[in-house]
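Coordinates from protein_23.pdb are shown below (PDB, C-alpha atoms).
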```pdb
ATOM      1  CA  MET Q 196       0.000   0.000   0.000
ATOM      2  CA  GLU Q 197       1.172   3.487  -0.762
ATOM      3  CA  ALA Q 198       0.238   6.981   0.366
ATOM      4  CA  ARG Q 199       1.698  10.412  -0.208
ATOM      5  CA  CYS Q 200       3.308  12.730   2.311
ATOM      6  CA  SER Q 201       1.212  15.884   2.614
ATOM      7  CA  TYR Q 202       4.356  17.981   3.125
ATOM      8  CA  CYS Q 203       6.861  16.767   0.564
ATOM      9  CA  ASP Q 204       4.604  14.631  -1.684
ATOM     10  CA  CYS Q 205       6.988  11.710  -1.369
ATOM     11  CA  ILE Q 206       5.465   8.223  -1.641
ATOM     12  CA  ILE Q 207       5.219   6.461   1.721
ATOM     13  CA  GLN Q 208       5.119   2.672   1.767
ATOM     14  CA  VAL Q 209       2.529   1.376   4.237
ATOM     15  CA  PRO Q 210       3.092  -2.254   5.309
ATOM     16  CA  SER Q 211       0.292  -4.543   4.139
ATOM     17  CA  ASP Q 212      -0.254  -5.763   7.719
ATOM     18  CA  ALA Q 213      -0.471  -2.242   9.176
ATOM     19  CA  VAL Q 214      -3.245  -1.756  11.697
ATOM     20  CA  GLU Q 215      -5.298   1.296  12.611
ATOM     21  CA  GLY Q 216      -3.157   3.815  14.474
ATOM     22  CA  GLU Q 217       0.185   2.334  13.432
ATOM     23  CA  LEU Q 218       2.922   4.884  12.846
ATOM     24  CA  VAL Q 219       4.673   5.312   9.505
ATOM     25  CA  LYS Q 220       7.334   7.854   8.666
ATOM     26  CA  CYS Q 221       8.034   9.771   5.489
ATOM     27  CA  MET Q 222      11.592   8.764   4.705
ATOM     28  CA  ASP Q 223      12.205  11.993   2.814
ATOM     29  CA  CYS Q 224      11.107  14.682   5.277
ATOM     30  CA  GLY Q 225      10.661  12.678   8.481
ATOM     31  CA  THR Q 226       6.999  13.558   9.072
ATOM     32  CA  LEU Q 227       5.293  10.950  11.253
ATOM     33  CA  TYR Q 228       1.831   9.691  10.303
ATOM     34  CA  GLU Q 229      -0.800   7.428  11.822
ATOM     35  CA  VAL Q 230      -2.437   4.862   9.549
ATOM     36  CA  ARG Q 231      -6.211   5.112   9.128
ATOM     37  CA  ILE Q 232      -7.969   2.178   7.505
ATOM     38  CA  CYS Q 233     -11.205   3.090   5.795
ATOM     39  CA  ASN Q 234     -14.221   0.890   5.102
ATOM     40  CA  GLY Q 235     -13.222  -1.264   2.185
ATOM     41  CA  GLY Q 236      -9.631  -1.488   3.326
ATOM     42  CA  SER Q 237      -8.154   1.595   1.697
ATOM     43  CA  VAL Q 238      -5.552   3.479   3.702
ATOM     44  CA  THR Q 239      -5.194   7.156   4.543
ATOM     45  CA  LEU Q 240      -2.583   8.856   6.683
ATOM     46  CA  THR Q 241      -3.134  11.524   9.334
ATOM     47  CA  GLU Q 242      -0.235  13.434  10.797
ATOM     48  CA  ALA Q 243       0.745  12.057  14.205
ATOM     49  CA  GLU Q 244       0.450  14.248  17.272
ATOM     50  CA  GLU Q 245       3.482  15.941  18.758
ATOM     51  CA  VAL Q 246       4.616  14.599  22.126
ATOM     52  CA  GLU Q 247       2.592  16.315  24.861
ATOM     53  CA  GLU Q 248       3.715  17.193  28.369
ATOM     54  CA  ASP Q 249       1.438  14.570  29.933
ATOM     55  CA  TRP Q 250       2.635  11.675  27.777
ATOM     56  CA  GLY Q 251       4.406   8.801  29.414
ATOM     57  CA  GLU Q 252       4.198   5.496  31.182
TER      58      GLU Q 252
ATOM     59  CA  MET X 732     -14.044 -16.256  26.814
ATOM     60  CA  ALA X 733     -13.813 -12.570  27.668
ATOM     61  CA  SER X 734     -13.760  -9.648  25.284
ATOM     62  CA  PHE X 735     -11.267  -6.800  25.503
ATOM     63  CA  SER X 736     -10.774  -3.403  23.984
ATOM     64  CA  VAL X 737      -7.217  -2.157  24.273
ATOM     65  CA  LEU X 738      -7.545   1.620  24.268
ATOM     66  CA  PHE X 739      -4.613   3.609  22.913
ATOM     67  CA  ASP X 740      -3.785   7.022  21.501
ATOM     68  CA  ARG X 741      -0.401   6.200  20.016
ATOM     69  CA  LEU X 742       0.068   2.576  19.125
ATOM     70  CA  ARG X 743       3.210   1.146  20.691
ATOM     71  CA  TRP X 744       4.922  -2.182  20.429
ATOM     72  CA  GLU X 745       3.461  -3.121  23.841
ATOM     73  CA  GLU X 746      -0.195  -2.760  22.783
ATOM     74  CA  LYS X 747       0.335  -4.888  19.684
ATOM     75  CA  GLU X 748       2.103  -7.562  21.726
ATOM     76  CA  ILE X 749      -0.698  -7.633  24.303
ATOM     77  CA  LEU X 750      -3.319  -7.867  21.546
ATOM     78  CA  ASN X 751      -1.471 -10.809  19.980
ATOM     79  CA  SER X 752      -1.111 -12.511  23.356
ATOM     80  CA  LEU X 753      -4.823 -12.144  24.120
ATOM     81  CA  GLN X 754      -5.801 -13.500  20.718
ATOM     82  CA  LYS X 755      -3.306 -16.355  21.044
ATOM     83  CA  ILE X 756      -5.146 -17.645  24.116
ATOM     84  CA  GLY X 757      -8.500 -17.428  22.376
ATOM     85  CA  GLN X 758      -9.762 -14.124  23.727
ATOM     86  CA  LYS X 759     -11.732 -11.657  21.670
ATOM     87  CA  ALA X 760      -9.600  -8.523  21.563
ATOM     88  CA  GLU X 761      -9.443  -5.328  19.542
ATOM     89  CA  LEU X 762      -7.352  -2.185  19.427
ATOM     90  CA  VAL X 763      -9.306   1.071  19.711
ATOM     91  CA  ASP X 764      -7.834   4.511  19.127
ATOM     92  CA  VAL X 765      -9.331   6.798  21.788
ATOM     93  CA  LYS X 766      -9.003   9.693  19.332
ATOM     94  CA  SER X 767     -11.424   7.998  16.955
ATOM     95  CA  ILE X 768     -14.310   7.699  19.417
ATOM     96  CA  SER X 769     -16.456  10.016  21.525
ATOM     97  CA  PHE X 770     -18.757   9.557  24.468
ATOM     98  CA  SER X 771     -22.118  10.764  25.683
ATOM     99  CA  LEU X 772     -22.036  11.100  29.443
ATOM    100  CA  ASP X 773     -25.760  10.880  30.088
ATOM    101  CA  CYS X 774     -26.440   7.246  29.317
ATOM    102  CA  ARG X 775     -24.803   3.878  29.848
ATOM    103  CA  GLU X 776     -25.816   2.077  26.683
ATOM    104  CA  ASP X 777     -24.072   3.928  23.897
ATOM    105  CA  CYS X 778     -20.554   2.566  24.206
ATOM    106  CA  ALA X 779     -19.475   0.112  21.538
ATOM    107  CA  LEU X 780     -16.329  -1.004  23.358
ATOM    108  CA  SER X 781     -15.920  -4.491  24.820
ATOM    109  CA  ASP X 782     -16.938  -5.359  28.382
ATOM    110  CA  ASN X 783     -13.312  -5.128  29.503
ATOM    111  CA  VAL X 784     -11.217  -2.129  28.573
ATOM    112  CA  PHE X 785      -7.462  -2.099  29.031
ATOM    113  CA  VAL X 786      -6.539   1.582  29.066
ATOM    114  CA  ARG X 787      -3.129   2.224  27.477
ATOM    115  CA  CYS X 788      -3.143   5.835  26.306
ATOM    116  CA  LEU X 789       0.193   7.613  26.261
ATOM    117  CA  SER X 790      -1.536  10.763  27.471
ATOM    118  CA  HIS X 791      -2.081  10.364  31.202
ATOM    119  CA  TYR X 792      -5.113  12.635  31.094
ATOM    120  CA  ARG X 793      -6.675  10.621  28.285
ATOM    121  CA  SER X 794      -6.032   7.416  30.223
ATOM    122  CA  TRP X 795      -7.425   8.704  33.489
ATOM    123  CA  LEU X 796     -10.514  10.422  32.121
ATOM    124  CA  SER X 797     -11.419   7.749  29.575
ATOM    125  CA  ALA X 798     -11.135   5.193  32.394
ATOM    126  CA  GLU X 799     -13.519   7.302  34.493
ATOM    127  CA  ILE X 800     -16.017   7.549  31.625
ATOM    128  CA  LEU X 801     -15.863   3.887  30.722
ATOM    129  CA  ARG X 802     -16.317   2.706  34.278
ATOM    130  CA  ALA X 803     -19.293   5.065  34.634
ATOM    131  CA  LYS X 804     -20.694   3.330  31.571
ATOM    132  CA  GLY X 805     -20.410  -0.032  33.281
ATOM    133  CA  LYS X 806     -17.198  -1.311  31.688
ATOM    134  CA  TYR X 807     -14.587  -3.200  33.654
ATOM    135  CA  VAL X 808     -11.537  -0.966  33.353
ATOM    136  CA  ILE X 809      -7.890  -1.912  33.902
ATOM    137  CA  ASN X 810      -6.162   0.017  35.451
ATOM    138  CA  ARG X 811      -8.773   1.608  37.660
ATOM    139  CA  PRO X 812      -9.043   5.407  37.218
ATOM    140  CA  GLU X 813      -8.054   6.020  40.864
ATOM    141  CA  VAL X 814      -4.816   4.135  40.258
ATOM    142  CA  ILE X 815      -4.078   6.070  37.057
ATOM    143  CA  SER X 816      -4.783   9.433  38.720
ATOM    144  CA  VAL X 817      -2.327   8.680  41.523
ATOM    145  CA  CYS X 818       0.416   7.180  39.344
ATOM    146  CA  MET X 819       0.278   9.984  36.764
ATOM    147  CA  ASN X 820       1.059  12.578  39.443
ATOM    148  CA  LYS X 821       4.384  12.236  41.231
ATOM    149  CA  LEU X 822       3.203  14.288  44.197
ATOM    150  CA  LEU X 823       0.158  12.061  44.763
ATOM    151  CA  THR X 824       2.323   8.965  44.292
ATOM    152  CA  THR X 825       4.721  10.152  46.986
ATOM    153  CA  ILE X 826       1.831  10.870  49.369
ATOM    154  CA  ALA X 827       0.440   7.359  48.767
ATOM    155  CA  LEU X 828       3.845   5.719  49.310
ATOM    156  CA  VAL X 829       4.631   7.704  52.468
ATOM    157  CA  LYS X 830       1.175   6.962  53.872
ATOM    158  CA  GLU X 831       1.854   3.224  53.581
ATOM    159  CA  GLY X 832       5.358   3.507  54.984
ATOM    160  CA  VAL X 833       7.081   2.686  51.685
ATOM    161  CA  PRO X 834      10.634   4.117  51.660
ATOM    162  CA  THR X 835      10.928   6.841  49.023
ATOM    163  CA  PRO X 836      13.447   9.640  48.344
ATOM    164  CA  LYS X 837      13.084  12.693  50.586
ATOM    165  CA  THR X 838      10.654  14.946  48.776
ATOM    166  CA  TYR X 839       9.793  18.631  49.127
ATOM    167  CA  VAL X 840       7.084  20.674  47.427
ATOM    168  CA  SER X 841       6.631  24.407  47.062
ATOM    169  CA  PHE X 842       4.043  26.527  45.327
ATOM    170  CA  SER X 843       6.133  29.607  44.597
ATOM    171  CA  THR X 844       9.649  30.510  43.513
ATOM    172  CA  ASP X 845      10.267  32.131  46.921
ATOM    173  CA  SER X 846       9.387  28.991  48.836
ATOM    174  CA  ALA X 847      11.373  26.927  46.322
ATOM    175  CA  GLU X 848      14.356  29.091  47.245
ATOM    176  CA  GLU X 849      13.644  28.447  50.933
ATOM    177  CA  ILE X 850      13.709  24.701  50.344
ATOM    178  CA  LYS X 851      17.077  25.029  48.619
ATOM    179  CA  GLU X 852      18.481  27.056  51.544
ATOM    180  CA  LYS X 853      17.112  24.624  54.116
ATOM    181  CA  VAL X 854      17.931  21.316  52.395
ATOM    182  CA  GLY X 855      20.937  22.278  50.284
ATOM    183  CA  LEU X 856      22.021  21.172  46.820
ATOM    184  CA  PRO X 857      22.091  19.020  44.760
ATOM    185  CA  LEU X 858      18.352  18.611  44.277
ATOM    186  CA  VAL X 859      16.406  16.824  41.560
ATOM    187  CA  ILE X 860      13.507  18.877  40.197
ATOM    188  CA  LYS X 861      10.726  16.897  38.540
ATOM    189  CA  PRO X 862       7.518  17.837  36.752
ATOM    190  CA  LEU X 863       4.426  16.535  38.549
ATOM    191  CA  VAL X 864       3.096  14.909  35.380
ATOM    192  CA  GLY X 865       5.266  13.418  32.683
ATOM    193  CA  SER X 866       7.518  10.518  32.012
ATOM    194  CA  TRP X 867      10.578   9.136  30.242
ATOM    195  CA  GLY X 868      12.790  11.490  32.247
ATOM    196  CA  ARG X 869      11.514  14.544  30.368
ATOM    197  CA  LEU X 870      11.984  17.884  32.174
ATOM    198  CA  ILE X 871      13.682  16.167  35.088
ATOM    199  CA  SER X 872      16.595  18.376  36.046
ATOM    200  CA  LEU X 873      19.477  18.108  38.451
ATOM    201  CA  ALA X 874      20.385  21.365  40.202
ATOM    202  CA  ARG X 875      24.006  20.946  41.322
ATOM    203  CA  ASP X 876      24.675  24.575  42.215
ATOM    204  CA  ASN X 877      22.904  27.908  42.753
ATOM    205  CA  SER X 878      23.322  28.931  39.140
ATOM    206  CA  SER X 879      21.709  25.800  37.696
ATOM    207  CA  PHE X 880      18.960  25.925  40.363
ATOM    208  CA  LYS X 881      18.094  29.504  39.362
ATOM    209  CA  SER X 882      18.112  28.654  35.644
ATOM    210  CA  ILE X 883      15.852  25.643  36.119
ATOM    211  CA  ILE X 884      13.344  27.628  38.183
ATOM    212  CA  GLU X 885      13.351  30.434  35.590
ATOM    213  CA  LEU X 886      12.777  27.965  32.770
ATOM    214  CA  ARG X 887       9.918  26.334  34.648
ATOM    215  CA  GLU X 888       8.343  29.737  35.320
ATOM    216  CA  ALA X 889       8.474  30.473  31.601
ATOM    217  CA  ILE X 890       6.387  27.397  30.786
ATOM    218  CA  ASN X 891       2.744  28.365  30.408
ATOM    219  CA  ASP X 892       1.359  25.536  32.519
ATOM    220  CA  PRO X 893       0.293  26.021  36.161
ATOM    221  CA  LEU X 894       1.421  22.488  37.050
ATOM    222  CA  GLU X 895       4.986  23.453  36.089
ATOM    223  CA  HIS X 896       4.854  26.211  38.718
ATOM    224  CA  ILE X 897       4.472  23.677  41.495
ATOM    225  CA  TYR X 898       7.984  22.648  42.446
ATOM    226  CA  TYR X 899       8.564  19.024  43.356
ATOM    227  CA  PHE X 900      12.088  18.429  44.645
ATOM    228  CA  GLN X 901      13.754  15.191  45.572
ATOM    229  CA  GLU X 902      17.070  14.471  47.164
ATOM    230  CA  PHE X 903      19.708  13.333  44.689
ATOM    231  CA  VAL X 904      20.134   9.714  45.730
ATOM    232  CA  ARG X 905      23.680   8.362  45.525
ATOM    233  CA  ARG X 906      23.086   5.062  43.787
ATOM    234  CA  PRO X 907      24.872   2.654  41.483
ATOM    235  CA  PRO X 908      24.533   3.556  37.760
ATOM    236  CA  ARG X 909      21.298   1.601  37.605
ATOM    237  CA  ASP X 910      17.807   1.480  39.052
ATOM    238  CA  ILE X 911      15.256  -1.309  39.331
ATOM    239  CA  ARG X 912      12.058  -1.802  37.351
ATOM    240  CA  ALA X 913       9.550  -4.399  38.509
ATOM    241  CA  ILE X 914       6.482  -5.173  36.419
ATOM    242  CA  VAL X 915       3.592  -6.239  38.615
ATOM    243  CA  ALA X 916       0.309  -7.770  37.490
ATOM    244  CA  GLY X 917      -1.970  -8.026  40.501
ATOM    245  CA  GLU X 918      -0.287 -10.416  42.934
ATOM    246  CA  GLU X 919       2.376 -11.555  40.460
ATOM    247  CA  ILE X 920       5.768  -9.952  39.927
ATOM    248  CA  VAL X 921       6.053 -10.610  36.197
ATOM    249  CA  ALA X 922       9.618  -9.393  35.725
ATOM    250  CA  CYS X 923      12.296  -7.581  37.656
ATOM    251  CA  VAL X 924      15.254  -5.931  35.927
ATOM    252  CA  TYR X 925      18.125  -3.605  36.613
ATOM    253  CA  ARG X 926      18.095  -0.638  34.232
ATOM    254  CA  TYR X 927      21.527   0.783  33.531
ATOM    255  CA  SER X 928      22.168   4.382  32.500
ATOM    256  CA  PRO X 929      23.581   4.869  29.016
ATOM    257  CA  PRO X 930      27.074   6.460  28.875
ATOM    258  CA  GLY X 931      27.041  10.124  29.868
ATOM    259  CA  GLU X 932      23.496  10.047  31.234
ATOM    260  CA  TRP X 933      22.455   9.966  34.899
ATOM    261  CA  LYS X 934      18.882   8.945  34.110
ATOM    262  CA  THR X 935      18.199   5.244  33.535
ATOM    263  CA  ASN X 936      15.043   5.497  31.403
ATOM    264  CA  VAL X 937      15.079   2.978  28.558
ATOM    265  CA  ALA X 938      13.600   5.800  26.444
ATOM    266  CA  ARG X 939      16.987   7.526  26.946
ATOM    267  CA  GLY X 940      19.076   4.596  25.790
ATOM    268  CA  GLY X 941      19.374   2.638  29.033
ATOM    269  CA  PHE X 942      19.516  -1.150  28.963
ATOM    270  CA  SER X 943      18.055  -3.862  31.185
ATOM    271  CA  VAL X 944      19.361  -6.987  32.926
ATOM    272  CA  GLN X 945      17.038  -9.470  34.643
ATOM    273  CA  PHE X 946      17.542 -10.508  38.264
ATOM    274  CA  LYS X 947      15.615 -12.426  40.886
ATOM    275  CA  PRO X 948      14.367 -10.109  43.625
ATOM    276  CA  SER X 949      15.004 -11.087  47.245
ATOM    277  CA  GLU X 950      12.020 -11.829  49.454
ATOM    278  CA  ALA X 951      12.416  -8.418  51.108
ATOM    279  CA  LEU X 952      12.406  -6.696  47.719
ATOM    280  CA  GLN X 953       9.383  -8.688  46.586
ATOM    281  CA  GLU X 954       7.546  -7.590  49.711
ATOM    282  CA  LEU X 955       8.482  -3.953  49.002
ATOM    283  CA  ILE X 956       7.275  -4.236  45.394
ATOM    284  CA  HIS X 957       3.901  -5.602  46.521
ATOM    285  CA  ARG X 958       3.555  -2.949  49.228
ATOM    286  CA  SER X 959       4.328  -0.215  46.694
ATOM    287  CA  ALA X 960       1.789  -1.519  44.196
ATOM    288  CA  ASP X 961      -0.837  -1.849  46.931
ATOM    289  CA  ALA X 962      -0.120   1.712  48.119
ATOM    290  CA  VAL X 963      -1.428   3.154  44.830
ATOM    291  CA  GLY X 964      -4.308   0.704  44.504
ATOM    292  CA  GLY X 965      -2.751  -2.238  42.642
ATOM    293  CA  GLY X 966      -3.266  -3.451  39.095
ATOM    294  CA  LEU X 967      -0.809  -3.707  36.222
ATOM    295  CA  LEU X 968       2.063  -1.481  37.279
ATOM    296  CA  GLY X 969       5.697  -0.647  36.847
ATOM    297  CA  VAL X 970       7.470  -0.098  40.158
ATOM    298  CA  ASP X 971      10.731   1.863  39.907
ATOM    299  CA  MET X 972      13.245   1.678  42.735
ATOM    300  CA  MET X 973      16.778   2.738  43.572
ATOM    301  CA  GLU X 974      19.444   1.184  45.745
ATOM    302  CA  SER X 975      20.694   3.680  48.326
ATOM    303  CA  GLU X 976      22.631   3.820  51.567
ATOM    304  CA  ARG X 977      19.240   3.710  53.304
ATOM    305  CA  GLY X 978      18.237   0.575  51.370
ATOM    306  CA  TYR X 979      15.738   0.417  48.516
ATOM    307  CA  LEU X 980      13.831   3.604  47.742
ATOM    308  CA  VAL X 981      10.717   3.565  45.556
ATOM    309  CA  HIS X 982      10.637   6.648  43.364
ATOM    310  CA  GLU X 983       7.936   6.060  40.774
ATOM    311  CA  LEU X 984       4.947   3.897  39.865
ATOM    312  CA  ASN X 985       3.744   3.629  36.282
ATOM    313  CA  SER X 986       0.138   2.728  35.497
ATOM    314  CA  ASN X 987       0.856   2.562  31.768
ATOM    315  CA  VAL X 988       4.019   0.546  32.064
ATOM    316  CA  GLU X 989       6.261   0.032  29.041
ATOM    317  CA  PHE X 990       8.166  -3.221  28.976
ATOM    318  CA  ARG X 991      10.148  -3.390  25.761
ATOM    319  CA  GLY X 992      13.367  -2.849  27.699
ATOM    320  CA  ALA X 993      12.504  -5.508  30.279
ATOM    321  CA  GLN X 994      11.432  -7.889  27.499
ATOM    322  CA  SER X 995      14.921  -7.684  25.993
ATOM    323  CA  ALA X 996      16.292  -9.040  29.291
ATOM    324  CA  VAL X 997      14.004 -12.039  29.853
ATOM    325  CA  ASN X 998      13.385 -15.308  27.988
ATOM    326  CA  PHE X 999       9.612 -15.405  28.346
ATOM    327  CA  SER X1000       6.874 -13.208  26.958
ATOM    328  CA  ILE X1001       5.880 -10.408  29.334
ATOM    329  CA  ALA X1002       2.872  -9.696  27.118
ATOM    330  CA  ASP X1003       1.695 -13.319  27.577
ATOM    331  CA  LYS X1004       1.818 -12.900  31.345
ATOM    332  CA  ILE X1005      -0.046  -9.591  31.114
ATOM    333  CA  ALA X1006      -2.678 -11.229  28.905
ATOM    334  CA  SER X1007      -3.125 -14.023  31.463
ATOM    335  CA  TYR X1008      -3.562 -11.411  34.189
ATOM    336  CA  LEU X1009      -6.154  -9.542  32.117
ATOM    337  CA  VAL X1010      -8.101 -12.763  31.589
ATOM    338  CA  ARG X1011      -7.982 -13.581  35.319
ATOM    339  CA  GLU X1012      -9.235 -10.100  36.168
ATOM    340  CA  ALA X1013     -11.775  -9.746  33.363
ATOM    341  CA  ARG X1014     -15.506  -9.761  33.568
ATOM    342  CA  LYS X1015     -16.501 -12.918  31.727
TER     343      LYS X1015
END
```
Please rewrite the model in this file as structure tokens.
Amino acid sequence: MEARCSYCDCIIQVPSDAVEGELVKCMDCGTLYEVRICNGGSVTLTEAEEVEEDWGE
Amino acid sequence: MASFSVLFDRLRWEEKEILNSLQKIGQKAELVDVKSISFSLDCREDCALSDNVFVRCLSHYRSWLSAEILRAKGKYVINRPEVISVCMNKLLTTIALVKEGVPTPKTYVSFSTDSAEEIKEKVGLPLVIKPLVGSWGRLISLARDNSSFKSIIELREAINDPLEHIYYFQEFVRRPPRDIRAIVAGEEIVACVYRYSPPGEWKTNVARGGFSVQFKPSEALQELIHRSADAVGGGLLGVDMMESERGYLVHELNSNVEFRGAQSAVNFSIADKIASYLVREARK
């Protein structure tokens, strides 16, 4: 599966076994995305959140 | 068979491992991104999640408040919201530990820069300054002298977050270049490892490049681990301890424990043991 980086338009390879919420990275510009799986199995990417102050174990 | 929703906001290796372990033993389990759902608070019947919800959000506030909502909706929630709310806040964790007589580093709190200065004058330096909420060693600073103390306080004042203006100080514990992480699931100590600091770093967090080595805890240490977990309400927890001249000191409990580092040090699956615990605890 492939998707495009919304910043640099580079093609991002999404593993075929990726699950909802899995992180993928644009290898050109480094932007981090979360995988969204739509009805019918197609894949979209949404930009991952920045680390927040309250994140942790 | 029980059914589980594993609630996350950023999917980590741990959540995927736990999902696989649950499915491997025949449980119905799904991953649910908390960002993709919403809740109505005025009825109990509108929640599509499974009967048992394992809350694993990276955001402490998301974990705590989603656990509150889901329990109000009749779900069986692990960890319980009370446990999350104590573990996510270092000040409340210290209060809980001290109340139960668990040895912990000497801790001081002030609510202004002036009283922070008074603590420094009274206790002396070095002092470790920690944010009340946060993890992975972020924003934890070591004030070795007056100049670094002043800079740290000024930086904290500049952060636009009222919680950062509450100063939580701990003594700098002279310890070996390692601390101890125990992973507890109810009554079972699943794994116990030493975590070594990476070169040039005084913090031992695996997120900062530390590494882990398994060891068998003594009976006294096991008893301390159980007492610490009980002090915050029990559940699936990470208990972090240090070796000091005064013996073991418990400095942190994690209600959203990561175990990739510990997994690299043991020859069994920690996720399998967590899955077994979830099944034992679950509402069938």
Taking only residues of chain X that have an atom at most 6 Å from an atom of chain Q, what is each one's shortest atom pair and its distance in Å to one decimal, using all atoms listed in the file, in chain and number order, as a tab-separated table?
```
residue	atom	partner	partner_atom	distance
X:Leu742	CA	Q:Glu217	CA	5.7
X:Leu789	CA	Q:Trp250	CA	5.0
X:Ser790	CA	Q:Trp250	CA	4.3
X:His791	CA	Q:Asp249	CA	5.6
X:Val864	CA	Q:Asp249	CA	5.7
X:Gly865	CA	Q:Asp249	CA	4.9
X:Ser866	CA	Q:Gly251	CA	4.4
X:Asn985	CA	Q:Glu252	CA	5.4
X:Asn987	CA	Q:Glu252	CA	4.5
X:Val988	CA	Q:Glu252	CA	5.0
```
### Task
To one decimal in Å, tell me the separation between atom CA of X:Tyr899 and atom CA of X:Val859.
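Computing it gives 8.3 Å between the two atoms.
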### Point-to-point distance from atom CA of X:Phe770 to atom CA of X:Ser736, Å rounded to tenths
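Atom-to-atom, atom CA of X:Phe770 to atom CA of X:Ser736, that is 15.2 Å.
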### Task
Tell me which protein, DNA and RNA residues are within 7 Å of Q:Glu197, counting all atoms listed in the file, leaving out same-chain ones fewer than 4 positions away, and put them as a VMD selection string.
chain Q and resid 206 to 209
Residues within 9 Å of X:Ser959, please, as a PDB file with C-alpha atoms, keeping the file's coordinate frame. Count only C-alpha atoms; anything in the same chain fewer than 6 positions from it doesn't count.
```pdb
ATOM      1  CA  ALA X 827       0.440   7.359  48.767  1.00  0.00           C
ATOM      2  CA  LEU X 828       3.845   5.719  49.310  1.00  0.00           C
ATOM      3  CA  GLU X 831       1.854   3.224  53.581  1.00  0.00           C
ATOM      4  CA  VAL X 833       7.081   2.686  51.685  1.00  0.00           C
ATOM      5  CA  GLY X 965      -2.751  -2.238  42.642  1.00  0.00           C
ATOM      6  CA  VAL X 970       7.470  -0.098  40.158  1.00  0.00           C
ATOM      7  CA  VAL X 981      10.717   3.565  45.556  1.00  0.00           C
ATOM      8  CA  LEU X 984       4.947   3.897  39.865  1.00  0.00           C
TER       9      LEU X 984
END
```
#### Entry: Distance of atom CA of X:Asp971 from atom CA of X:His957, expressed in Å to one decimal place
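According to the coordinates, atom CA of X:His957 and atom CA of X:Asp971 are separated by 12.1 Å.
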### Message
Which residue is closest to X:Lys766? Choose from X:Asp740, X:Glu748, X:Glu813, X:Asp782 and count only C-alpha atoms.
### Response
X:Asp740
Can you turn the PyMOL selection byres ((chain X and resi 992) around 7) into a concrete residue list for this file, as a PDB file with C-alpha atoms, in the coordinates of the input?
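In the end it all went to result_25.pdb:
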```pdb
ATOM      1  CA  VAL X 937      15.079   2.978  28.558  1.00  0.00           C
ATOM      2  CA  PHE X 942      19.516  -1.150  28.963  1.00  0.00           C
ATOM      3  CA  SER X 943      18.055  -3.862  31.185  1.00  0.00           C
ATOM      4  CA  PHE X 990       8.166  -3.221  28.976  1.00  0.00           C
ATOM      5  CA  ARG X 991      10.148  -3.390  25.761  1.00  0.00           C
ATOM      6  CA  ALA X 993      12.504  -5.508  30.279  1.00  0.00           C
ATOM      7  CA  GLN X 994      11.432  -7.889  27.499  1.00  0.00           C
ATOM      8  CA  SER X 995      14.921  -7.684  25.993  1.00  0.00           C
TER       9      SER X 995
END
```
### Message
From the options Q:Glu245, Q:Ile232, Q:Cys221, Q:Val238, which residue's atoms come nearest to Q:Cys205, counting all atoms listed in the file?
### Response
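The answer is Q:Cys221, which sits nearest to Q:Cys205.
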### Task
Please provide the set of residues having any atom within 12 Å of Q:Ser201, restricted to all atoms listed in the file, with same-chain residues fewer than 2 positions apart removed, written as a list in words.
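Skipping anything fewer than 2 positions along the chain leaves Ala198, Arg199, Cys203, Asp204, Cys205, Ile206, Ile207, Lys220, Cys221, Asp223, Cys224, Gly225, Thr226, Leu227, Tyr228, Thr239, Leu240, Thr241 and Glu242 of chain Q.
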Hey, could you pull the box centre and edge lengths for stretch 1007-1015 of chain X, axis-aligned, 5 Å padding per side, all listed atoms, to one decimal in Å, as AutoDock Vina command-line options?
```
--center_x -9.8 --center_y -11.8 --center_z 33.8 --size_x 23.4 --size_y 14.5 --size_z 14.7
```
### Query
What does the PyMOL selection byres ((chain X and resi 884-892) around 10) select in this file, as a PyMOL selection string?
(chain Q and resi 248) or (chain X and resi 843-844+847-848+860+862+870+874+879-883+893-898)
#### Entry: Close residues, stretch 997-1014 of chain X itself excluded, 8 Å, all atoms listed in the file, min 4 positions apart in chain, as a list in words
Ala733, Glu745, Glu748, Ile749, Ser752, Leu753, Asp782, Asn783, Tyr807, Ala916, Gly917, Val921, Ala922, Val944, Gln945, Leu967, Phe990 and Ala993 of chain X
